[in-house]
file structure.pdb (PDB, C-alpha atoms)
MODEL        1
ATOM      1  CA  MET F   9     108.093 115.327  85.354
ATOM      2  CA  ALA F  10     104.714 116.995  84.852
ATOM      3  CA  GLN F  11     105.373 117.033  81.077
ATOM      4  CA  PHE F  12     106.349 113.370  81.072
ATOM      5  CA  ALA F  13     103.215 112.548  83.084
ATOM      6  CA  ALA F  14     101.092 114.462  80.566
ATOM      7  CA  TRP F  15     102.743 112.566  77.697
ATOM      8  CA  VAL F  16     102.093 109.167  79.334
ATOM      9  CA  GLU F  17      98.498 110.175  79.913
ATOM     10  CA  SER F  18      98.099 111.082  76.233
ATOM     11  CA  THR F  19      99.163 107.622  75.060
ATOM     12  CA  TRP F  20      96.713 105.059  73.719
ATOM     13  CA  ILE F  21      97.579 102.510  76.419
ATOM     14  CA  SER F  22      96.955 104.965  79.285
ATOM     15  CA  LYS F  23      93.639 106.162  77.858
ATOM     16  CA  THR F  24      92.452 102.652  77.085
ATOM     17  CA  LEU F  25      93.280 101.274  80.535
ATOM     18  CA  PHE F  26      91.775 104.280  82.334
ATOM     19  CA  GLY F  27      88.685 103.907  80.150
ATOM     20  CA  ILE F  28      87.956 100.474  81.642
ATOM     21  CA  SER F  29      85.714 101.584  84.488
ATOM     22  CA  TRP F  30      86.202  98.545  86.744
ATOM     23  CA  LEU F  31      89.979  98.314  86.334
ATOM     24  CA  TRP F  32      90.886 101.009  88.897
ATOM     25  CA  PRO F  33      88.725  99.721  91.792
ATOM     26  CA  ALA F  34      89.640  96.090  90.980
ATOM     27  CA  SER F  35      93.336  97.007  91.044
ATOM     28  CA  GLU F  36      92.851  98.773  94.393
ATOM     29  CA  SER F  37      91.291  95.637  95.908
ATOM     30  CA  LEU F  38      94.143  93.504  94.566
ATOM     31  CA  HIS F  39      96.692  96.057  95.852
ATOM     32  CA  PHE F  40      95.234  95.653  99.376
ATOM     33  CA  ILE F  41      95.210  91.840  99.128
ATOM     34  CA  GLY F  42      98.818  91.813  97.901
ATOM     35  CA  LEU F  43      99.761  94.125 100.776
ATOM     36  CA  CYS F  44      98.397  91.655 103.336
ATOM     37  CA  MET F  45     100.254  88.742 101.703
ATOM     38  CA  LEU F  46     103.513  90.720 101.667
ATOM     39  CA  ILE F  47     103.263  92.102 105.211
ATOM     40  CA  GLY F  48     102.047  88.779 106.581
ATOM     41  CA  GLY F  49     104.914  86.708 105.225
ATOM     42  CA  ALA F  50     107.778  89.215 105.198
ATOM     43  CA  GLY F  51     106.657  90.883 108.443
ATOM     44  CA  LEU F  52     106.784  87.601 110.377
ATOM     45  CA  LEU F  53     110.297  86.878 109.074
ATOM     46  CA  ASP F  54     111.319  90.431 110.080
ATOM     47  CA  LEU F  55     109.912  89.998 113.615
ATOM     48  CA  ARG F  56     111.694  86.641 113.960
ATOM     49  CA  LEU F  57     114.976  88.214 112.773
ATOM     50  CA  MET F  58     114.401  90.871 115.466
ATOM     51  CA  GLY F  59     114.431  88.050 118.029
ATOM     52  CA  MET F  60     110.676  87.787 118.577
ATOM     53  CA  PHE F  61     108.514  84.676 118.047
ATOM     54  CA  ARG F  62     111.204  82.282 119.261
ATOM     55  CA  GLY F  63     110.113  78.733 118.677
ATOM     56  CA  LEU F  64     109.609  79.436 114.983
ATOM     57  CA  ALA F  65     112.687  78.381 112.997
ATOM     58  CA  ILE F  66     113.841  81.062 110.550
ATOM     59  CA  ARG F  67     114.195  78.417 107.822
ATOM     60  CA  HIS F  68     110.550  77.413 108.325
ATOM     61  CA  VAL F  69     109.265  80.990 108.333
ATOM     62  CA  LYS F  70     111.233  81.601 105.155
ATOM     63  CA  ALA F  71     109.119  78.942 103.418
ATOM     64  CA  LEU F  72     106.357  81.607 103.415
ATOM     65  CA  MET F  73     108.466  83.908 101.245
ATOM     66  CA  PRO F  74     107.122  82.737  97.854
ATOM     67  CA  TRP F  75     103.682  83.951  99.064
ATOM     68  CA  ALA F  76     105.093  87.269 100.235
ATOM     69  CA  ILE F  77     106.884  87.666  96.895
ATOM     70  CA  GLY F  78     103.611  86.775  95.172
ATOM     71  CA  GLY F  79     101.956  89.612  97.107
ATOM     72  CA  PHE F  80     104.740  91.964  96.078
ATOM     73  CA  PHE F  81     104.283  90.901  92.440
ATOM     74  CA  ILE F  82     100.518  91.602  92.599
ATOM     75  CA  ASN F  83     101.290  95.048  93.991
ATOM     76  CA  ALA F  84     104.013  95.776  91.448
ATOM     77  CA  VAL F  85     101.602  94.988  88.590
ATOM     78  CA  THR F  86      98.623  96.889  90.046
ATOM     79  CA  GLY F  87     100.931  99.751  91.075
ATOM     80  CA  ALA F  88     102.248  99.958  87.500
ATOM     81  CA  LEU F  89      98.632 100.093  86.268
ATOM     82  CA  PHE F  90      97.869 103.070  88.578
ATOM     83  CA  LEU F  91     101.028 104.770  87.332
ATOM     84  CA  ILE F  92     100.167 104.256  83.653
ATOM     85  CA  MET F  93      96.515 105.310  84.114
ATOM     86  CA  GLN F  94      97.063 108.454  86.215
ATOM     87  CA  PRO F  95     100.801 109.320  86.187
ATOM     88  CA  HIS F  96     100.254 112.943  87.292
ATOM     89  CA  LEU F  97      99.016 111.702  90.699
ATOM     90  CA  TYR F  98     102.367 110.057  91.365
ATOM     91  CA  LEU F  99     105.278 111.438  89.341
ATOM     92  CA  THR F 100     104.867 114.977  90.682
ATOM     93  CA  SER F 101     104.214 113.843  94.272
ATOM     94  CA  GLY F 102     107.077 113.926  96.759
ATOM     95  CA  VAL F 103     105.228 111.382  98.892
ATOM     96  CA  TRP F 104     105.193 108.914  95.981
ATOM     97  CA  TRP F 105     108.939 109.356  95.478
ATOM     98  CA  ALA F 106     109.402 108.764  99.220
ATOM     99  CA  LYS F 107     107.428 105.537  98.775
ATOM    100  CA  VAL F 108     109.747 104.521  95.917
ATOM    101  CA  ALA F 109     112.776 105.346  98.112
ATOM    102  CA  PHE F 110     111.469 103.139 100.950
ATOM    103  CA  LEU F 111     110.833 100.367  98.380
ATOM    104  CA  GLY F 112     114.480 100.723  97.364
ATOM    105  CA  ILE F 113     115.633 100.508 100.988
ATOM    106  CA  ALA F 114     113.478  97.420 101.602
ATOM    107  CA  GLY F 115     114.817  95.791  98.440
ATOM    108  CA  ALA F 116     118.491  96.556  99.151
ATOM    109  CA  ASN F 117     118.009  95.368 102.734
ATOM    110  CA  ALA F 118     116.487  92.058 101.545
ATOM    111  CA  LEU F 119     119.360  91.618  99.079
ATOM    112  CA  PHE F 120     121.876  92.221 101.865
ATOM    113  CA  PHE F 121     120.124  89.619 104.021
ATOM    114  CA  GLU F 122     120.071  87.051 101.214
ATOM    115  CA  THR F 123     123.749  87.479 100.328
ATOM    116  CA  ARG F 124     125.310  88.016 103.772
ATOM    117  CA  LEU F 125     123.079  86.673 106.542
ATOM    118  CA  ALA F 126     120.723  84.065 105.114
ATOM    119  CA  VAL F 127     123.100  81.089 105.495
ATOM    120  CA  PRO F 128     123.724  81.461 109.250
ATOM    121  CA  ALA F 129     120.111  82.568 109.850
ATOM    122  CA  LEU F 130     118.643  79.498 108.137
ATOM    123  CA  ALA F 131     120.886  77.200 110.171
ATOM    124  CA  MET F 132     119.679  78.594 113.510
ATOM    125  CA  HIS F 133     117.861  76.579 116.172
ATOM    126  CA  PRO F 134     114.122  77.405 116.394
ATOM    127  CA  ASP F 135     114.500  78.850 119.899
ATOM    128  CA  ALA F 136     117.815  80.692 119.347
ATOM    129  CA  ASP F 137     118.186  84.451 119.748
ATOM    130  CA  THR F 138     119.382  86.332 116.654
ATOM    131  CA  SER F 139     122.577  88.362 116.184
ATOM    132  CA  THR F 140     122.584  92.154 116.359
ATOM    133  CA  SER F 141     123.039  92.444 112.580
ATOM    134  CA  MET F 142     119.995  90.196 112.003
ATOM    135  CA  LYS F 143     117.950  92.332 114.407
ATOM    136  CA  VAL F 144     118.956  95.498 112.522
ATOM    137  CA  ILE F 145     118.128  93.929 109.137
ATOM    138  CA  GLY F 146     114.733  92.761 110.421
ATOM    139  CA  ALA F 147     113.891  96.165 111.919
ATOM    140  CA  VAL F 148     114.954  98.085 108.783
ATOM    141  CA  SER F 149     112.826  95.783 106.632
ATOM    142  CA  LEU F 150     109.732  96.049 108.843
ATOM    143  CA  PHE F 151     110.041  99.843 109.121
ATOM    144  CA  SER F 152     110.527 100.203 105.353
ATOM    145  CA  TRP F 153     107.459  98.154 104.451
ATOM    146  CA  PHE F 154     105.233 100.072 106.861
ATOM    147  CA  ALA F 155     106.711 103.326 105.518
ATOM    148  CA  VAL F 156     105.833 102.163 101.981
ATOM    149  CA  MET F 157     102.274 101.509 103.178
ATOM    150  CA  TYR F 158     102.059 104.850 105.014
ATOM    151  CA  CYS F 159     103.250 106.824 101.992
ATOM    152  CA  GLY F 160     100.862 104.955  99.699
ATOM    153  CA  ARG F 161      97.788 105.451 101.860
ATOM    154  CA  MET F 162      98.615 109.070 102.749
ATOM    155  CA  LEU F 163      99.490 109.976  99.167
ATOM    156  CA  PRO F 164      96.157 111.692  98.427
ATOM    157  CA  TYR F 165      96.432 113.806 101.574
ATOM    158  CA  LEU F 166     100.118 114.756 101.750
ATOM    159  CA  GLY F 167     102.040 116.937  99.315
ATOM    160  CA  THR F 168     100.829 117.475  95.787
ATOM    161  CA  GLY F 169      98.627 114.429  95.222
ATOM    162  CA  ASN F 170      94.947 115.240  94.998
TER     163      ASN F 170
ATOM    164  CA  MET W   4      66.110 111.522 113.919
ATOM    165  CA  SER W   5      67.746 108.109 114.344
ATOM    166  CA  VAL W   6      70.867 107.611 116.394
ATOM    167  CA  PHE W   7      72.782 106.965 113.157
ATOM    168  CA  GLN W   8      71.656 110.262 111.682
ATOM    169  CA  ARG W   9      72.575 112.058 114.905
ATOM    170  CA  LEU W  10      76.070 110.539 114.778
ATOM    171  CA  GLN W  11      76.548 111.423 111.114
ATOM    172  CA  GLN W  12      75.387 114.994 111.713
ATOM    173  CA  SER W  13      77.294 115.491 114.966
ATOM    174  CA  ALA W  14      79.860 118.197 115.653
ATOM    175  CA  PHE W  15      82.491 115.474 115.775
ATOM    176  CA  THR W  16      81.680 114.400 112.199
ATOM    177  CA  ASP W  17      81.844 118.020 110.985
ATOM    178  CA  TRP W  18      85.245 118.458 112.573
ATOM    179  CA  PHE W  19      86.564 115.043 111.503
ATOM    180  CA  LEU W  20      85.615 115.287 107.823
ATOM    181  CA  GLY W  21      86.119 119.037 107.518
ATOM    182  CA  SER W  22      89.450 119.378 109.280
ATOM    183  CA  PRO W  23      92.393 120.092 106.980
ATOM    184  CA  SER W  24      94.658 118.357 109.528
ATOM    185  CA  ILE W  25      96.303 115.138 108.349
ATOM    186  CA  TRP W  26      95.825 113.874 111.921
ATOM    187  CA  ALA W  27      92.051 113.686 111.473
ATOM    188  CA  TYR W  28      90.538 111.633 108.611
ATOM    189  CA  PRO W  29      93.784 110.718 106.749
ATOM    190  CA  THR W  30      95.519 109.308 109.840
ATOM    191  CA  VAL W  31      92.515 107.274 111.015
ATOM    192  CA  LEU W  32      92.081 105.924 107.463
ATOM    193  CA  THR W  33      95.783 105.006 107.313
ATOM    194  CA  LEU W  34      95.588 103.313 110.729
ATOM    195  CA  HIS W  35      92.697 101.256 109.347
ATOM    196  CA  THR W  36      95.038 100.066 106.549
ATOM    197  CA  VAL W  37      97.909  99.372 108.980
ATOM    198  CA  GLY W  38      95.569  97.378 111.240
ATOM    199  CA  MET W  39      94.329  95.436 108.216
ATOM    200  CA  ALA W  40      97.893  94.549 107.230
ATOM    201  CA  ILE W  41      98.617  93.236 110.756
ATOM    202  CA  LEU W  42      95.269  91.437 111.236
ATOM    203  CA  VAL W  43      94.889  89.894 107.785
ATOM    204  CA  GLY W  44      98.659  89.423 107.365
ATOM    205  CA  ALA W  45      98.877  87.317 110.553
ATOM    206  CA  SER W  46      95.631  85.454 109.725
ATOM    207  CA  PHE W  47      96.976  84.769 106.231
ATOM    208  CA  VAL W  48     100.164  83.191 107.638
ATOM    209  CA  ILE W  49      98.260  81.088 110.218
ATOM    210  CA  ASN W  50      95.770  79.781 107.664
ATOM    211  CA  LEU W  51      98.507  79.083 105.098
ATOM    212  CA  ARG W  52     100.330  76.963 107.681
ATOM    213  CA  VAL W  53      97.124  75.058 108.460
ATOM    214  CA  LEU W  54      96.926  74.455 104.690
ATOM    215  CA  GLN W  55     100.432  72.891 104.940
ATOM    216  CA  VAL W  56     102.451  75.827 103.550
ATOM    217  CA  SER W  57     105.746  75.911 105.555
ATOM    218  CA  GLY W  58     104.468  72.632 106.992
ATOM    219  CA  LEU W  59     107.539  72.139 109.191
ATOM    220  CA  ILE W  60     106.392  74.808 111.689
ATOM    221  CA  PRO W  61     104.791  72.894 114.594
ATOM    222  CA  LEU W  62     101.122  73.965 114.582
ATOM    223  CA  HIS W  63     100.985  74.866 118.283
ATOM    224  CA  ARG W  64     103.936  77.248 117.745
ATOM    225  CA  LEU W  65     101.531  79.511 115.822
ATOM    226  CA  GLN W  66      99.819  80.456 119.083
ATOM    227  CA  PRO W  67     101.812  83.696 119.673
ATOM    228  CA  LEU W  68     100.703  84.896 116.218
ATOM    229  CA  TYR W  69      97.205  85.420 117.644
ATOM    230  CA  ARG W  70      98.657  88.355 119.594
ATOM    231  CA  LEU W  71      99.196  90.047 116.223
ATOM    232  CA  VAL W  72      95.668  89.109 115.175
ATOM    233  CA  TRP W  73      94.227  90.865 118.234
ATOM    234  CA  ILE W  74      96.526  93.901 117.942
ATOM    235  CA  GLY W  75      95.429  94.371 114.318
ATOM    236  CA  PHE W  76      91.793  93.742 115.184
ATOM    237  CA  THR W  77      91.858  96.291 118.037
ATOM    238  CA  ILE W  78      93.419  98.963 115.797
ATOM    239  CA  ASN W  79      90.738  98.337 113.176
ATOM    240  CA  LEU W  80      87.852  98.135 115.616
ATOM    241  CA  VAL W  81      88.750 101.559 117.060
ATOM    242  CA  SER W  82      89.549 103.227 113.712
ATOM    243  CA  GLY W  83      86.558 101.496 112.106
ATOM    244  CA  VAL W  84      84.119 102.756 114.756
ATOM    245  CA  ILE W  85      85.410 106.323 114.225
ATOM    246  CA  LEU W  86      85.026 106.019 110.438
ATOM    247  CA  PHE W  87      81.550 104.489 110.869
ATOM    248  CA  ILE W  88      80.329 107.314 113.148
ATOM    249  CA  THR W  89      81.046 109.882 110.444
ATOM    250  CA  GLU W  90      78.956 107.986 107.846
ATOM    251  CA  ALA W  91      76.662 106.090 110.215
ATOM    252  CA  ALA W  92      73.294 106.768 108.553
ATOM    253  CA  ASP W  93      74.638 105.968 105.060
ATOM    254  CA  ARG W  94      76.542 102.844 106.091
ATOM    255  CA  VAL W  95      73.880 101.255 108.258
ATOM    256  CA  VAL W  96      71.717 100.786 105.137
ATOM    257  CA  ASP W  97      74.656 100.020 102.800
ATOM    258  CA  PRO W  98      74.571  96.338 101.729
ATOM    259  CA  VAL W  99      78.305  96.388 100.867
ATOM    260  CA  PHE W 100      79.073  97.498 104.431
ATOM    261  CA  GLY W 101      76.811  94.678 105.678
ATOM    262  CA  ILE W 102      78.739  92.156 103.560
ATOM    263  CA  LYS W 103      82.022  93.511 104.952
ATOM    264  CA  MET W 104      80.870  93.214 108.586
ATOM    265  CA  ALA W 105      79.405  89.730 108.047
ATOM    266  CA  SER W 106      82.524  88.419 106.298
ATOM    267  CA  ILE W 107      84.763  89.766 109.102
ATOM    268  CA  ALA W 108      82.556  88.105 111.726
ATOM    269  CA  VAL W 109      82.670  84.785 109.859
ATOM    270  CA  ALA W 110      86.447  85.059 109.246
ATOM    271  CA  LEU W 111      87.101  85.710 112.965
ATOM    272  CA  ALA W 112      84.788  82.879 114.044
ATOM    273  CA  LEU W 113      86.473  80.464 111.593
ATOM    274  CA  GLY W 114      89.848  81.633 112.909
ATOM    275  CA  LEU W 115      88.836  80.762 116.475
ATOM    276  CA  VAL W 116      87.529  77.333 115.434
ATOM    277  CA  VAL W 117      90.776  76.617 113.533
ATOM    278  CA  LYS W 118      92.743  77.766 116.599
ATOM    279  CA  ARG W 119      90.823  75.462 118.914
ATOM    280  CA  ARG W 120      90.960  72.447 116.597
ATOM    281  CA  ALA W 121      94.512  72.630 115.264
ATOM    282  CA  ILE W 122      96.673  75.034 117.250
ATOM    283  CA  ASP W 123      95.740  75.149 120.940
ATOM    284  CA  ARG W 124      96.605  71.494 121.560
ATOM    285  CA  ILE W 125     100.275  70.841 122.313
ATOM    286  CA  ASP W 126      99.756  67.249 121.099
ATOM    287  CA  ALA W 127      98.272  68.491 117.834
ATOM    288  CA  PRO W 128      99.360  66.390 114.838
ATOM    289  CA  GLN W 129     101.730  67.967 112.299
ATOM    290  CA  ALA W 130      98.955  68.199 109.738
ATOM    291  CA  ALA W 131      95.443  69.508 110.373
ATOM    292  CA  SER W 132      92.497  67.362 109.314
ATOM    293  CA  VAL W 133      90.937  67.922 105.908
ATOM    294  CA  GLN W 134      87.925  69.454 107.660
ATOM    295  CA  THR W 135      90.052  71.975 109.575
ATOM    296  CA  ARG W 136      91.962  72.786 106.400
ATOM    297  CA  SER W 137      88.755  73.605 104.572
ATOM    298  CA  LEU W 138      87.794  75.938 107.451
ATOM    299  CA  ALA W 139      91.184  77.675 107.057
ATOM    300  CA  ALA W 140      90.623  78.029 103.305
ATOM    301  CA  ALA W 141      87.152  79.456 103.995
ATOM    302  CA  ALA W 142      88.673  81.972 106.452
ATOM    303  CA  LEU W 143      91.107  83.159 103.758
ATOM    304  CA  GLY W 144      88.171  83.533 101.390
ATOM    305  CA  MET W 145      86.204  85.568 103.954
ATOM    306  CA  TRP W 146      89.160  87.943 104.530
ATOM    307  CA  THR W 147      89.368  88.435 100.769
ATOM    308  CA  VAL W 148      85.647  89.277 100.615
ATOM    309  CA  ALA W 149      86.062  91.712 103.540
ATOM    310  CA  ILE W 150      88.950  93.533 101.824
ATOM    311  CA  VAL W 151      87.174  93.803  98.473
ATOM    312  CA  ALA W 152      83.912  94.971 100.118
ATOM    313  CA  GLY W 153      85.820  97.532 102.211
ATOM    314  CA  ARG W 154      87.551  98.889  99.136
ATOM    315  CA  LEU W 155      84.347  99.008  97.107
ATOM    316  CA  MET W 156      82.530 100.966  99.844
ATOM    317  CA  ALA W 157      84.387 104.003  98.514
ATOM    318  CA  TYR W 158      82.667 103.557  95.140
ATOM    319  CA  LEU W 159      79.208 102.145  95.859
ATOM    320  CA  LYS W 160      77.537 104.788  97.953
TER     321      LYS W 160
ENDMDL
END
call {"tool": "encode", "arguments": {"input": "structure.pdb", "output": "structure tokens"}}
result
Amino acid sequence: MAQFAAWVESTWISKTLFGISWLWPASESLHFIGLCMLIGGAGLLDLRLMGMFRGLAIRHVKALMPWAIGGFFINAVTGALFLIMQPHLYLTSGVWWAKVAFLGIAGANALFFETRLAVPALAMHPDADTSTSMKVIGAVSLFSWFAVMYCGRMLPYLGTGN
Amino acid sequence: MSVFQRLQQSAFTDWFLGSPSIWAYPTVLTLHTVGMAILVGASFVINLRVLQVSGLIPLHRLQPLYRLVWIGFTINLVSGVILFITEAADRVVDPVFGIKMASIAVALALGLVVKRRAIDRIDAPQAASVQTRSLAAAALGMWTVAIVAGRLMAYLK
């Protein structure tokens, strides 16, 4: 992995991007803005699936999802930029791989919700309590996203990041 | 020596910034990010709804979301005060820090005005007035300024 990171860092694209002095701090700001959009939209849906915030219909909360997905997209792009510019900070860090694993869990969990639970969930009354499986899906999602955030923010301080 | 210099040069600051423990600086910094996600995330959703995104949610049903706003704000007030103490003399004269504090104050004030005008009334109409909507848009703008200023504080010092 360290060799692959060194190779990426030797490429023209990596050097050029890292040479743009404002790109790293600008990407960091965007990464934080995208994080708020994602946690705001997806987090509220997760809490509602967990049975909280009754009075909000799940189908109405779900209308926020394009904005949450937009936040995720911003973070995927800026995250890819960090990875291309300084791959050695991430590819050799166990904490970064833990972050990727939690991203995978959050993604698989969302896919499971969409394919198995979305239809009954969207049909629910605004005040109705949710089923146990919906509560589990909501809790797994919320935990995974905060774990992604924790790993990302702690990356410089845990493990082999600098 | 000013109170800000005394804080920045205190034994607490030496321990906090010098400690190799992840429970010192890294954890407080991470809590500041978690609080931001809760505070700005909830504010983002509220203001989007006032701007007619997911317009079928009755406006007064957003009221419980302010609990999240205050939870996030409390986390960030506490973690922010700790982080400020350790850099007090530098930050008190830092214009970027001033912009961050001012934009947070304006964003919170706009949030309270939007709450009073569009959300606290059970008979509130389904759509906020154009004036209230522009206040919500301004609040989103202020949160964006606060985030960018906060991030840039790491570079411009």
call {"tool": "resolve_selection", "arguments": {"input": "structure.pdb", "expression": "the ChimeraX specification (/W :<9) & /F", "output": "PDB file with C-alpha atoms, keeping the file's coordinate frame"}}
result
ATOM      1  CA  PRO F  33      88.725  99.721  91.792  1.00  0.00           C
ATOM      2  CA  ALA F  34      89.640  96.090  90.980  1.00  0.00           C
ATOM      3  CA  GLU F  36      92.851  98.773  94.393  1.00  0.00           C
ATOM      4  CA  SER F  37      91.291  95.637  95.908  1.00  0.00           C
ATOM      5  CA  LEU F  38      94.143  93.504  94.566  1.00  0.00           C
ATOM      6  CA  PHE F  40      95.234  95.653  99.376  1.00  0.00           C
ATOM      7  CA  ILE F  41      95.210  91.840  99.128  1.00  0.00           C
ATOM      8  CA  LEU F  43      99.761  94.125 100.776  1.00  0.00           C
ATOM      9  CA  CYS F  44      98.397  91.655 103.336  1.00  0.00           C
ATOM     10  CA  MET F  45     100.254  88.742 101.703  1.00  0.00           C
ATOM     11  CA  LEU F  46     103.513  90.720 101.667  1.00  0.00           C
ATOM     12  CA  ILE F  47     103.263  92.102 105.211  1.00  0.00           C
ATOM     13  CA  GLY F  48     102.047  88.779 106.581  1.00  0.00           C
ATOM     14  CA  GLY F  49     104.914  86.708 105.225  1.00  0.00           C
ATOM     15  CA  GLY F  51     106.657  90.883 108.443  1.00  0.00           C
ATOM     16  CA  LEU F  52     106.784  87.601 110.377  1.00  0.00           C
ATOM     17  CA  PHE F  61     108.514  84.676 118.047  1.00  0.00           C
ATOM     18  CA  ARG F  62     111.204  82.282 119.261  1.00  0.00           C
ATOM     19  CA  GLY F  63     110.113  78.733 118.677  1.00  0.00           C
ATOM     20  CA  LEU F  64     109.609  79.436 114.983  1.00  0.00           C
ATOM     21  CA  ALA F  65     112.687  78.381 112.997  1.00  0.00           C
ATOM     22  CA  HIS F  68     110.550  77.413 108.325  1.00  0.00           C
ATOM     23  CA  VAL F  69     109.265  80.990 108.333  1.00  0.00           C
ATOM     24  CA  LYS F  70     111.233  81.601 105.155  1.00  0.00           C
ATOM     25  CA  ALA F  71     109.119  78.942 103.418  1.00  0.00           C
ATOM     26  CA  LEU F  72     106.357  81.607 103.415  1.00  0.00           C
ATOM     27  CA  PHE F 154     105.233 100.072 106.861  1.00  0.00           C
ATOM     28  CA  MET F 157     102.274 101.509 103.178  1.00  0.00           C
ATOM     29  CA  TYR F 158     102.059 104.850 105.014  1.00  0.00           C
ATOM     30  CA  ARG F 161      97.788 105.451 101.860  1.00  0.00           C
ATOM     31  CA  MET F 162      98.615 109.070 102.749  1.00  0.00           C
ATOM     32  CA  PRO F 164      96.157 111.692  98.427  1.00  0.00           C
ATOM     33  CA  TYR F 165      96.432 113.806 101.574  1.00  0.00           C
ATOM     34  CA  LEU F 166     100.118 114.756 101.750  1.00  0.00           C
TER      35      LEU F 166
END
call {"tool": "closest_residue", "arguments": {"input": "structure.pdb", "among": "F:Ser141, F:Thr123, F:Ser29, F:Ser22", "to": "F:Met93", "atoms": "all atoms listed in the file"}}
result
F:Ser22
call {"tool": "atom_distance", "arguments": {"input": "structure.pdb", "atom1": "atom CA of W:Phe7", "atom2": "atom CA of W:Ala91"}}
result
4.9 Å
call {"tool": "residues_around", "arguments": {"input": "structure.pdb", "residues": "F:Phe110", "least_positions_apart": "5", "cutoff": "8 Å", "atoms": "only C-alpha atoms", "output": "number ranges by chain"}}
result
F: 152-153, 155-156
call {"tool": "residues_around", "arguments": {"input": "structure.pdb", "residues": "stretch 125-136 of chain W", "least_positions_apart": "3", "cutoff": "7 Å", "atoms": "all atoms listed in the file", "output": "list in words"}}
result
Val53, Leu54, Gln55, Pro61, Leu62, His63, Val117, Ala121, Ile122, Ala139 and Ala140 of chain W
call {"tool": "atom_distance", "arguments": {"input": "structure.pdb", "atom1": "atom CA of F:Leu150", "atom2": "atom CA of F:Gly59"}}
result
13.1 Å
call {"tool": "resolve_selection", "arguments": {"input": "structure.pdb", "expression": "the PyMOL selection byres ((chain F and resi 105) around 12)", "output": "list in words"}}
result
Met9, Leu97, Tyr98, Leu99, Thr100, Ser101, Gly102, Val103, Trp104, Ala106, Lys107, Val108, Ala109, Phe110, Leu111, Gly112, Ala155, Val156, Cys159, Gly160, Leu163, Gly167, Thr168 and Gly169 of chain F
call {"tool": "closest_residue", "arguments": {"input": "structure.pdb", "among": "F:Met60, F:Phe26, F:Ser149, F:Ala76", "to": "F:Pro134", "atoms": "only C-alpha atoms"}}
result
F:Met60
call {"tool": "closest_residue", "arguments": {"input": "structure.pdb", "among": "F:Ile145, F:Ile28, F:Leu89, F:Ile66", "to": "F:Leu119", "atoms": "all atoms listed in the file"}}
result
F:Ile145
call {"tool": "residues_around", "arguments": {"input": "structure.pdb", "residues": "F:Thr140", "least_positions_apart": "2", "cutoff": "12 Å", "atoms": "all atoms listed in the file", "output": "JSON, numbers by chain"}}
result
{"F": [57, 58, 59, 125, 129, 137, 138, 142, 143, 144, 145, 146, 147]}
call {"tool": "write_last_selection", "arguments": {"input": "structure.pdb", "atoms": "C-alpha atoms", "output": "PDB file, in the coordinates of the input"}}
result
ATOM      1  CA  LEU F  57     114.976  88.214 112.773  1.00  0.00           C
ATOM      2  CA  MET F  58     114.401  90.871 115.466  1.00  0.00           C
ATOM      3  CA  GLY F  59     114.431  88.050 118.029  1.00  0.00           C
ATOM      4  CA  LEU F 125     123.079  86.673 106.542  1.00  0.00           C
ATOM      5  CA  ALA F 129     120.111  82.568 109.850  1.00  0.00           C
ATOM      6  CA  ASP F 137     118.186  84.451 119.748  1.00  0.00           C
ATOM      7  CA  THR F 138     119.382  86.332 116.654  1.00  0.00           C
ATOM      8  CA  MET F 142     119.995  90.196 112.003  1.00  0.00           C
ATOM      9  CA  LYS F 143     117.950  92.332 114.407  1.00  0.00           C
ATOM     10  CA  VAL F 144     118.956  95.498 112.522  1.00  0.00           C
ATOM     11  CA  ILE F 145     118.128  93.929 109.137  1.00  0.00           C
ATOM     12  CA  GLY F 146     114.733  92.761 110.421  1.00  0.00           C
ATOM     13  CA  ALA F 147     113.891  96.165 111.919  1.00  0.00           C
TER      14      ALA F 147
END
call {"tool": "resolve_selection", "arguments": {"input": "structure.pdb", "expression": "the PyMOL selection byres ((chain W and resi 114) around 9)", "output": "list in words"}}
result
Ser46, Ile49, Asn50, Val109, Ala110, Leu111, Ala112, Leu113, Leu115, Val116, Val117, Lys118, Arg119, Leu138, Ala139 and Ala142 of chain W
call {"tool": "residues_around", "arguments": {"input": "structure.pdb", "residues": "F:Ile21", "least_positions_apart": "3", "cutoff": "8 Å", "atoms": "all atoms listed in the file", "output": "PDB file with C-alpha atoms, in the frame of the given file"}}
result
ATOM      1  CA  THR F  24      92.452 102.652  77.085  1.00  0.00           C
ATOM      2  CA  LEU F  25      93.280 101.274  80.535  1.00  0.00           C
ATOM      3  CA  ILE F  92     100.167 104.256  83.653  1.00  0.00           C
TER       4      ILE F  92
END
call {"tool": "atom_distance", "arguments": {"input": "structure.pdb", "atom1": "atom CA of F:Ala88", "atom2": "atom CA of W:Gly75"}}
result
28.2 Å
call {"tool": "axis_aligned_box", "arguments": {"input": "structure.pdb", "around": "stretch 65-73 of chain W", "padding_each_side": "8 Å", "output": "AutoDock Vina command-line options"}}
result
--center_x 98.0 --center_y 85.2 --center_z 117.4 --size_x 23.6 --size_y 27.4 --size_z 20.5
call {"tool": "closest_residue", "arguments": {"input": "structure.pdb", "among": "F:Ala84, F:Leu31, F:Ile77, F:Leu91", "to": "F:Glu17", "atoms": "only C-alpha atoms"}}
result
F:Leu91
call {"tool": "closest_residue", "arguments": {"input": "structure.pdb", "among": "F:Pro74, F:Asn117, F:Ala131, F:Phe81", "to": "F:Asp54", "atoms": "all atoms listed in the file"}}
result
F:Asn117
